[in-house]
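Undergrad: Contents of start-v5.cif (mmCIF, C-alpha atoms) are below:
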data_data
#
loop_
_atom_site.group_PDB
_atom_site.id
_atom_site.type_symbol
_atom_site.label_atom_id
_atom_site.label_comp_id
_atom_site.auth_asym_id
_atom_site.auth_seq_id
_atom_site.Cartn_x
_atom_site.Cartn_y
_atom_site.Cartn_z
ATOM 1 C CA MET Q 23 44.720 -6.855 22.815
ATOM 2 C CA VAL Q 24 40.947 -6.771 23.055
ATOM 3 C CA GLY Q 25 39.266 -6.451 19.640
ATOM 4 C CA TRP Q 26 37.550 -3.133 18.944
ATOM 5 C CA TRP Q 27 34.162 -4.836 18.597
ATOM 6 C CA TRP Q 28 34.190 -5.824 22.265
ATOM 7 C CA MET Q 29 34.342 -2.164 23.227
ATOM 8 C CA ASN Q 30 30.934 -1.314 21.765
ATOM 9 C CA ASP Q 31 27.883 -3.563 21.806
ATOM 10 C CA LEU Q 32 26.265 -1.752 18.836
ATOM 11 C CA LEU Q 33 28.957 -2.295 16.191
ATOM 12 C CA PRO Q 34 28.740 -5.649 14.341
ATOM 13 C CA ASN Q 35 31.811 -7.720 13.476
ATOM 14 C CA GLU Q 36 30.004 -10.120 11.143
ATOM 15 C CA LYS Q 37 27.119 -10.091 8.683
ATOM 16 C CA THR Q 38 23.570 -10.354 10.022
ATOM 17 C CA LYS Q 39 21.297 -12.709 8.129
ATOM 18 C CA ALA Q 40 18.227 -11.305 6.365
ATOM 19 C CA SER Q 41 15.142 -11.407 8.585
ATOM 20 C CA ARG Q 42 12.564 -11.498 5.761
ATOM 21 C CA ILE Q 43 12.170 -12.988 2.314
ATOM 22 C CA ASN Q 44 8.736 -11.717 1.312
ATOM 23 C CA PRO Q 45 7.790 -8.022 1.210
ATOM 24 C CA LYS Q 46 6.461 -6.446 4.393
ATOM 25 C CA LYS Q 47 4.770 -3.699 2.344
ATOM 26 C CA ILE Q 48 3.907 -4.121 -1.314
ATOM 27 C CA ILE Q 49 2.168 -1.888 -3.865
ATOM 28 C CA LEU Q 50 0.187 -3.399 -6.742
ATOM 29 C CA PHE Q 51 -1.163 -0.883 -9.229
ATOM 30 C CA GLY Q 52 -2.784 -0.950 -12.646
ATOM 31 C CA LYS Q 53 -5.799 0.093 -14.660
ATOM 32 C CA PRO Q 54 -9.300 -0.302 -13.142
ATOM 33 C CA LYS Q 55 -10.932 -3.735 -13.582
ATOM 34 C CA ILE Q 56 -7.568 -5.381 -14.185
ATOM 35 C CA GLY Q 57 -8.280 -8.026 -11.516
ATOM 36 C CA LYS Q 58 -6.587 -6.604 -8.418
ATOM 37 C CA THR Q 59 -9.530 -7.190 -6.078
ATOM 38 C CA THR Q 60 -10.341 -10.585 -7.599
ATOM 39 C CA ALA Q 61 -6.769 -11.713 -7.016
ATOM 40 C CA LEU Q 62 -6.819 -10.548 -3.388
ATOM 41 C CA SER Q 63 -10.036 -12.454 -2.739
ATOM 42 C CA GLN Q 64 -8.086 -15.649 -3.512
ATOM 43 C CA LEU Q 65 -5.191 -14.907 -1.159
ATOM 44 C CA ASP Q 66 -5.503 -16.994 2.011
ATOM 45 C CA ASN Q 67 -6.045 -15.101 5.262
ATOM 46 C CA CYS Q 68 -6.152 -11.705 3.563
ATOM 47 C CA LEU Q 69 -8.497 -9.059 4.955
ATOM 48 C CA ILE Q 70 -9.555 -6.571 2.272
ATOM 49 C CA LEU Q 71 -10.356 -3.079 3.528
ATOM 50 C CA ASP Q 72 -12.703 -2.013 0.729
ATOM 51 C CA LEU Q 73 -12.648 1.772 0.427
ATOM 52 C CA GLU Q 74 -14.445 2.105 -2.914
ATOM 53 C CA GLY Q 75 -17.137 -0.589 -2.930
ATOM 54 C CA GLY Q 76 -15.217 -2.877 -5.267
ATOM 55 C CA THR Q 77 -15.706 -6.178 -3.425
ATOM 56 C CA SER Q 78 -19.453 -6.538 -3.923
ATOM 57 C CA TYR Q 79 -19.031 -9.209 -6.600
ATOM 58 C CA VAL Q 80 -16.391 -11.371 -4.906
ATOM 59 C CA ASP Q 81 -16.429 -13.748 -1.947
ATOM 60 C CA ALA Q 82 -13.671 -12.593 0.373
ATOM 61 C CA LEU Q 83 -12.583 -11.668 3.869
ATOM 62 C CA LYS Q 84 -13.623 -8.042 3.538
ATOM 63 C CA ILE Q 85 -14.925 -4.956 5.275
ATOM 64 C CA ASP Q 86 -16.878 -2.468 3.176
ATOM 65 C CA ILE Q 87 -15.799 0.774 4.858
ATOM 66 C CA LEU Q 88 -18.043 3.006 2.741
ATOM 67 C CA GLU Q 89 -21.166 0.943 3.403
ATOM 68 C CA LEU Q 90 -20.522 0.903 7.153
ATOM 69 C CA ALA Q 91 -19.957 4.661 7.100
ATOM 70 C CA ARG Q 92 -23.243 5.125 5.264
ATOM 71 C CA GLN Q 93 -25.100 2.962 7.784
ATOM 72 C CA GLN Q 94 -23.544 4.740 10.769
ATOM 73 C CA GLU Q 95 -23.814 8.195 9.149
ATOM 74 C CA VAL Q 96 -20.197 9.068 9.880
ATOM 75 C CA ASP Q 97 -17.087 9.862 7.840
ATOM 76 C CA PRO Q 98 -15.426 6.738 6.394
ATOM 77 C CA ILE Q 99 -12.185 7.574 8.195
ATOM 78 C CA ILE Q 100 -13.994 7.142 11.524
ATOM 79 C CA VAL Q 101 -15.057 3.620 10.536
ATOM 80 C CA LEU Q 102 -11.540 2.809 9.351
ATOM 81 C CA LYS Q 103 -10.120 3.996 12.677
ATOM 82 C CA LYS Q 104 -12.583 1.724 14.527
ATOM 83 C CA VAL Q 105 -11.466 -1.210 12.390
ATOM 84 C CA ILE Q 106 -7.800 -0.452 13.108
ATOM 85 C CA ASN Q 107 -8.487 -0.326 16.853
ATOM 86 C CA GLN Q 108 -10.359 -3.645 16.728
ATOM 87 C CA LEU Q 109 -7.549 -5.248 14.733
ATOM 88 C CA LYS Q 110 -4.979 -4.100 17.285
ATOM 89 C CA GLU Q 111 -7.073 -5.464 20.144
ATOM 90 C CA ALA Q 112 -7.687 -8.789 18.371
ATOM 91 C CA ASN Q 113 -3.968 -9.152 17.624
ATOM 92 C CA LYS Q 114 -3.139 -8.406 21.255
ATOM 93 C CA LEU Q 115 -5.558 -11.070 22.477
ATOM 94 C CA LYS Q 116 -4.168 -13.624 20.031
ATOM 95 C CA GLY Q 117 -0.555 -12.721 20.670
ATOM 96 C CA GLY Q 118 0.027 -12.438 16.927
ATOM 97 C CA PHE Q 119 -1.630 -11.403 13.697
ATOM 98 C CA VAL Q 120 -5.247 -12.472 13.221
ATOM 99 C CA TYR Q 121 -4.845 -11.844 9.486
ATOM 100 C CA LYS Q 122 -1.498 -12.512 7.821
ATOM 101 C CA TYR Q 123 -2.317 -10.114 4.991
ATOM 102 C CA GLY Q 124 -4.197 -6.840 4.949
ATOM 103 C CA ALA Q 125 -5.091 -5.037 1.737
ATOM 104 C CA ILE Q 126 -6.023 -1.388 1.160
ATOM 105 C CA ASP Q 127 -8.358 -1.155 -1.819
ATOM 106 C CA THR Q 128 -7.380 1.507 -2.874
ATOM 107 C CA ILE Q 129 -4.704 3.971 -1.718
ATOM 108 C CA SER Q 130 -6.098 6.592 -4.105
ATOM 109 C CA VAL Q 131 -9.381 6.613 -2.175
ATOM 110 C CA LEU Q 132 -7.615 6.516 1.188
ATOM 111 C CA GLU Q 133 -5.802 9.708 0.198
ATOM 112 C CA ASP Q 134 -9.173 11.453 -0.165
ATOM 113 C CA MET Q 135 -10.536 9.819 2.972
ATOM 114 C CA ILE Q 136 -7.855 11.174 5.319
ATOM 115 C CA MET Q 137 -8.672 14.841 4.662
ATOM 116 C CA PRO Q 138 -10.309 15.330 8.126
ATOM 117 C CA ILE Q 139 -7.038 14.166 9.717
ATOM 118 C CA ALA Q 140 -5.027 16.525 7.494
ATOM 119 C CA VAL Q 141 -7.290 19.437 8.459
ATOM 120 C CA ASN Q 142 -6.869 18.610 12.152
ATOM 121 C CA LEU Q 143 -3.070 18.486 11.752
ATOM 122 C CA TYR Q 144 -3.119 21.920 10.141
ATOM 123 C CA LYS Q 145 -5.374 23.336 12.862
ATOM 124 C CA GLN Q 146 -2.794 22.255 15.448
ATOM 125 C CA THR Q 147 -0.304 24.710 13.938
ATOM 126 C CA SER Q 148 -0.112 28.410 14.732
ATOM 127 C CA MET Q 149 -0.975 29.273 11.143
ATOM 128 C CA GLY Q 150 -3.980 26.984 10.978
ATOM 129 C CA ARG Q 151 -5.602 27.407 14.373
ATOM 130 C CA ASN Q 152 -8.313 29.665 12.921
ATOM 131 C CA PHE Q 153 -8.789 27.647 9.713
ATOM 132 C CA GLN Q 154 -12.502 27.141 8.984
ATOM 133 C CA GLY Q 155 -12.249 25.094 5.791
ATOM 134 C CA ASP Q 156 -12.571 21.353 5.261
ATOM 135 C CA ASP Q 157 -9.851 20.887 2.618
ATOM 136 C CA VAL Q 158 -6.203 21.851 3.209
ATOM 137 C CA LEU Q 159 -5.497 21.574 -0.512
ATOM 138 C CA THR Q 160 -7.201 24.966 -0.868
ATOM 139 C CA LEU Q 161 -4.263 26.555 0.967
ATOM 140 C CA PRO Q 162 -2.129 28.795 -1.269
ATOM 141 C CA ASN Q 163 1.134 27.692 -2.901
ATOM 142 C CA GLY Q 164 0.464 23.997 -2.312
ATOM 143 C CA ALA Q 165 0.970 24.382 1.441
ATOM 144 C CA GLY Q 166 -1.677 21.751 2.177
ATOM 145 C CA TYR Q 167 0.144 18.832 0.569
ATOM 146 C CA GLN Q 168 2.439 18.329 3.546
ATOM 147 C CA TYR Q 169 -0.580 17.789 5.812
ATOM 148 C CA THR Q 170 -2.295 15.286 3.499
ATOM 149 C CA ARG Q 171 0.976 13.356 3.272
ATOM 150 C CA ARG Q 172 1.440 13.370 7.045
ATOM 151 C CA ALA Q 173 -2.150 12.205 7.538
ATOM 152 C CA LEU Q 174 -1.709 9.438 4.983
ATOM 153 C CA TRP Q 175 1.541 8.243 6.597
ATOM 154 C CA LEU Q 176 -0.104 8.163 10.038
ATOM 155 C CA VAL Q 177 -2.899 5.882 8.814
ATOM 156 C CA LEU Q 178 -0.536 3.663 6.825
ATOM 157 C CA GLU Q 179 1.777 3.251 9.813
ATOM 158 C CA GLU Q 180 -1.160 2.120 11.949
ATOM 159 C CA LEU Q 181 -2.353 -0.307 9.290
ATOM 160 C CA GLU Q 182 1.128 -1.730 8.895
ATOM 161 C CA GLN Q 183 1.110 -2.658 12.588
ATOM 162 C CA CYS Q 184 -2.077 -4.691 12.093
ATOM 163 C CA PHE Q 185 -0.779 -7.260 9.585
ATOM 164 C CA ASP Q 186 2.314 -9.292 8.845
ATOM 165 C CA THR Q 187 2.106 -7.996 5.260
ATOM 166 C CA LEU Q 188 0.353 -4.853 4.048
ATOM 167 C CA ILE Q 189 -0.786 -4.866 0.410
ATOM 168 C CA ILE Q 190 -1.546 -1.469 -1.092
ATOM 169 C CA LEU Q 191 -3.675 -1.427 -4.232
ATOM 170 C CA GLY Q 192 -3.592 1.626 -6.455
ATOM 171 C CA HIS Q 193 -4.739 3.008 -9.784
ATOM 172 C CA LEU Q 194 -2.485 3.758 -12.713
ATOM 173 C CA LYS Q 195 -1.431 7.303 -13.520
ATOM 174 C CA ASP Q 196 0.116 8.161 -16.886
ATOM 175 C CA LYS Q 197 2.090 11.383 -17.076
ATOM 176 C CA LEU Q 198 4.324 13.021 -19.651
ATOM 177 C CA VAL Q 199 7.937 13.468 -18.547
ATOM 178 C CA GLU Q 200 11.064 14.651 -20.314
ATOM 179 C CA LYS Q 201 14.160 12.478 -20.260
ATOM 180 C CA ASP Q 202 17.297 13.163 -22.261
ATOM 181 C CA GLY Q 203 15.446 15.875 -24.147
ATOM 182 C CA LYS Q 204 12.639 13.553 -25.247
ATOM 183 C CA GLU Q 205 9.038 13.377 -24.059
ATOM 184 C CA MET Q 206 7.841 9.991 -22.843
ATOM 185 C CA THR Q 207 4.928 8.542 -20.905
ATOM 186 C CA GLU Q 208 5.747 7.384 -17.393
ATOM 187 C CA ARG Q 209 3.404 4.964 -15.634
ATOM 188 C CA GLY Q 210 3.142 5.130 -11.884
ATOM 189 C CA LEU Q 211 0.897 5.151 -8.834
ATOM 190 C CA ASP Q 212 -1.975 7.643 -8.847
ATOM 191 C CA LEU Q 213 -1.451 9.902 -5.817
ATOM 192 C CA VAL Q 214 -1.372 13.679 -5.390
ATOM 193 C CA GLY Q 215 1.869 15.660 -5.502
ATOM 194 C CA LYS Q 216 5.008 13.911 -4.254
ATOM 195 C CA SER Q 217 3.095 11.278 -2.269
ATOM 196 C CA ALA Q 218 3.500 8.554 -4.902
ATOM 197 C CA ALA Q 219 7.273 8.901 -5.126
ATOM 198 C CA ILE Q 220 7.688 9.029 -1.340
ATOM 199 C CA LEU Q 221 5.415 6.039 -0.715
ATOM 200 C CA CYS Q 222 7.091 3.966 -3.437
ATOM 201 C CA SER Q 223 10.468 4.618 -1.784
ATOM 202 C CA GLN Q 224 9.137 3.308 1.553
ATOM 203 C CA VAL Q 225 7.692 -0.052 0.428
ATOM 204 C CA ASP Q 226 9.557 -3.295 -0.281
ATOM 205 C CA ALA Q 227 8.048 -4.086 -3.681
ATOM 206 C CA ILE Q 228 6.089 -2.292 -6.396
ATOM 207 C CA GLY Q 229 4.304 -4.297 -9.067
ATOM 208 C CA TYR Q 230 2.588 -3.014 -12.187
ATOM 209 C CA MET Q 231 -0.394 -5.200 -13.176
ATOM 210 C CA TYR Q 232 -1.466 -5.583 -16.796
ATOM 211 C CA ARG Q 233 -3.216 -8.064 -19.068
ATOM 212 C CA GLU Q 234 -1.544 -10.031 -21.829
ATOM 213 C CA ASP Q 235 -3.812 -12.430 -23.738
ATOM 214 C CA ASN Q 236 -5.436 -14.665 -21.091
ATOM 215 C CA GLN Q 237 -3.027 -13.709 -18.316
ATOM 216 C CA THR Q 238 -2.771 -10.938 -15.746
ATOM 217 C CA ILE Q 239 0.884 -10.264 -15.094
ATOM 218 C CA VAL Q 240 2.643 -8.361 -12.321
ATOM 219 C CA ASN Q 241 5.803 -6.621 -13.502
ATOM 220 C CA PHE Q 242 8.487 -5.965 -10.872
ATOM 221 C CA ALA Q 243 11.160 -5.039 -13.426
ATOM 222 C CA PRO Q 244 11.932 -1.297 -13.245
ATOM 223 C CA SER Q 245 12.348 0.773 -16.386
ATOM 224 C CA ASP Q 246 12.358 4.407 -17.486
ATOM 225 C CA SER Q 247 8.640 4.210 -18.301
ATOM 226 C CA ILE Q 248 7.288 2.174 -15.337
ATOM 227 C CA THR Q 249 7.689 2.746 -11.604
ATOM 228 C CA CYS Q 250 8.254 -0.712 -10.126
ATOM 229 C CA GLY Q 251 10.884 -2.860 -8.434
ATOM 230 C CA SER Q 252 11.561 -5.023 -5.381
ATOM 231 C CA ARG Q 253 13.908 -5.531 -2.434
ATOM 232 C CA SER Q 254 12.887 -9.211 -2.249
ATOM 233 C CA GLU Q 255 15.366 -11.248 -4.266
ATOM 234 C CA HIS Q 256 12.764 -13.600 -5.773
ATOM 235 C CA LEU Q 257 10.858 -10.653 -7.281
ATOM 236 C CA LYS Q 258 13.726 -8.517 -8.554
ATOM 237 C CA ASN Q 259 13.411 -7.834 -12.305
ATOM 238 C CA LYS Q 260 10.681 -10.474 -12.574
ATOM 239 C CA LYS Q 261 7.355 -10.647 -14.376
ATOM 240 C CA VAL Q 262 4.962 -12.921 -12.494
ATOM 241 C CA THR Q 263 1.728 -14.419 -13.850
ATOM 242 C CA LEU Q 264 -0.871 -13.848 -11.124
ATOM 243 C CA ILE Q 265 -4.158 -14.671 -12.910
ATOM 244 C CA GLU Q 266 -4.804 -16.968 -15.850
ATOM 245 C CA SER Q 267 -8.107 -17.760 -17.566
ATOM 246 C CA ASP Q 268 -9.016 -20.840 -19.631
ATOM 247 C CA ASP Q 269 -11.260 -21.062 -22.708
ATOM 248 C CA SER Q 270 -14.382 -21.138 -20.546
ATOM 249 C CA GLY Q 271 -13.376 -17.963 -18.689
ATOM 250 C CA LYS Q 272 -12.525 -19.749 -15.441
ATOM 251 C CA LEU Q 273 -9.841 -17.856 -13.513
ATOM 252 C CA THR Q 274 -6.883 -19.386 -11.700
ATOM 253 C CA VAL Q 275 -5.071 -17.152 -9.205
ATOM 254 C CA ASP Q 276 -1.581 -18.114 -8.009
ATOM 255 C CA TRP Q 277 0.170 -16.037 -5.339
ATOM 256 C CA ASN Q 278 2.932 -18.584 -4.715
ATOM 257 C CA ASN Q 279 5.495 -16.793 -6.864
ATOM 258 C CA ILE Q 280 4.914 -13.464 -5.096
ATOM 259 C CA PHE Q 281 4.705 -14.712 -1.510
ATOM 260 C CA ILE Q 282 7.000 -17.731 -1.339
ATOM 261 C CA LYS Q 283 7.452 -20.065 1.620
ATOM 262 C CA GLU Q 284 9.882 -18.690 4.201
#
What do you get writing this file as structure tokens?
TA:
Amino acid sequence: MVGWWWMNDLLPNEKTKASRINPKKIILFGKPKIGKTTALSQLDNCLILDLEGGTSYVDALKIDILELARQQEVDPIIVLKKVINQLKEANKLKGGFVYKYGAIDTISVLEDMIMPIAVNLYKQTSMGRNFQGDDVLTLPNGAGYQYTRRALWLVLEELEQCFDTLIILGHLKDKLVEKDGKEMTERGLDLVGKSAAILCSQVDAIGYMYREDNQTIVNFAPSDSITCGSRSEHLKNKKVTLIESDDSGKLTVDWNNIFIKE
């Protein structure tokens, strides 16, 4: 008798091996000036898309989106779209990724930057075709949030296609929540509305960056008070030292425990 698996070419009859070890999309968030941009500047073949002018003091593969927008007298999102198009074309010519890593610095600023796209999405609807405003968040009852989220996802999906690994930097947001009848502070990614929770569910790893003595540590261990975690086995429930300084203030950055050899 012919086995059932021979009757359908889509149903597996054995386990498929994992296709990745390292995260495809990773969020690193923490307080400002914690060392996020400095660390990225030391990651080989990482293109930093600087959306808030934070790379001025570091040597890095970088594009200052705001400065280019100022020079060209256009919205920053137009410059970012040009960069995305050039990355896609360069990757096509190479037959692979020109840059292994791409970093968004930061997602909080990108959320503000995509407003023209959100407005255009709303204007394409029957309700919004006569909309004359420039901010969908002014719509009543929070109706505009769905359009900012859709706009943000569209840009992120395009950026993800441009790199082997997309690194998303973000700021820390503390908020009071109630759990088991007690108030506690929850630390998570600073985004509007439900965007943070949705984005965190879509990435492969979320790391909370903080300083401890002379070290900057990335925490991938989830807890009730911190939004973090990982699908990659080598990062699950781990705290990784990313930056360490000596007595003279010299910094050593080590990405090898976050992105291991595959």
Undergrad: For a quick check of your reading of the model, name the residues lying within 8 Å of the coordinate (-1.8, -16.7, 6.6), counting all atoms listed in the file, and write them as a VMD selection string.
TA: chain Q and resid 66 to 68 121 to 123
Undergrad: May I have the residues from that selection written out with C-alpha atoms, as an mmCIF file, keeping the file's coordinate frame?
TA:
data_model
loop_
_atom_site.group_PDB
_atom_site.id
_atom_site.type_symbol
_atom_site.label_atom_id
_atom_site.label_comp_id
_atom_site.auth_asym_id
_atom_site.auth_seq_id
_atom_site.Cartn_x
_atom_site.Cartn_y
_atom_site.Cartn_z
ATOM 1 C CA ASP Q 66 -5.503 -16.994 2.011
ATOM 2 C CA ASN Q 67 -6.045 -15.101 5.262
ATOM 3 C CA CYS Q 68 -6.152 -11.705 3.563
ATOM 4 C CA TYR Q 121 -4.845 -11.844 9.486
ATOM 5 C CA LYS Q 122 -1.498 -12.512 7.821
ATOM 6 C CA TYR Q 123 -2.317 -10.114 4.991
#
Undergrad: Please measure the separation of CA of Asp127 (chain Q) and CA of Ala227 (chain Q), giving the value in Å to one decimal.
TA: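 Interatomic distance here is 16.8 Å.
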Undergrad: Decode the PyMOL selection byres ((chain Q and resi 174-188) around 10) for the given file into explicit residues and return them as a VMD selection string.
TA: chain Q and resid 44 to 49 68 to 69 99 102 to 103 105 to 114 118 to 126 129 132 to 137 139 to 140 168 to 173 189 to 191 217 221 225 281
Undergrad: Extract, using all atoms listed in the file, all DNA, RNA and protein residues at most 9 Å from Asn236 (chain Q), discarding same-chain residues fewer than 4 positions from it, and format them as a list in words.
TA: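 Returned residues: Ile265, Glu266, Ser267, Asp268, Asp269 and Gly271 of chain Q.
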Undergrad: So how many Å separate CA of Thr60 (chain Q) and CA of Ala82 (chain Q), to one decimal?
TA: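 One can read the CA of Thr60 (chain Q) to CA of Ala82 (chain Q) distance as 8.9 Å.
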Undergrad: Report the residues retrieved by the PyMOL selection byres ((chain Q and resi 232) around 12) from the displayed file, expressed as an MDAnalysis selection string.
TA: chainID Q and resid 50:58 193:194 209 229:231 233:242 248 261:266
Undergrad: Rounded to one decimal, what separation in Å do you get between CA of Asp81 (chain Q) and CA of Gln93 (chain Q)?
TA: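 Atom-to-atom, CA of Asp81 (chain Q) and CA of Gln93 (chain Q) are spaced 21.2 Å apart.
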Undergrad: Just checking: using only C-alpha atoms, which residue out of Q:Lys145, Q:Val101, Q:Leu211, Q:Thr274 ends up closest to Gly192 (chain Q)?
TA: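 Residue with the minimum atom-to-atom distance to Gly192 (chain Q): Q:Leu211.
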Undergrad: Do you know which residues are at most 10 Å from Asn259 (chain Q) counting all atoms listed in the file, after dropping those on the same chain fewer than 3 positions away, and could you put them as a ChimeraX atom specification?
TA: /Q:241-245,250-252,255-256,262
Undergrad: Pick the closest to Gln154 (chain Q) from Q:Gly166, Q:Ile280, Q:Lys37, Q:Val141: which is it, counting all atoms listed in the file?
TA: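 Smallest distance to Gln154 (chain Q) is found for Q:Val141.
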Undergrad: Where does the PyMOL selection byres ((chain Q and resi 85) around 9) land in this file, that is, which residues does it pick, as number ranges by chain?
TA: Q: 69-73, 77, 83-84, 86-90, 105
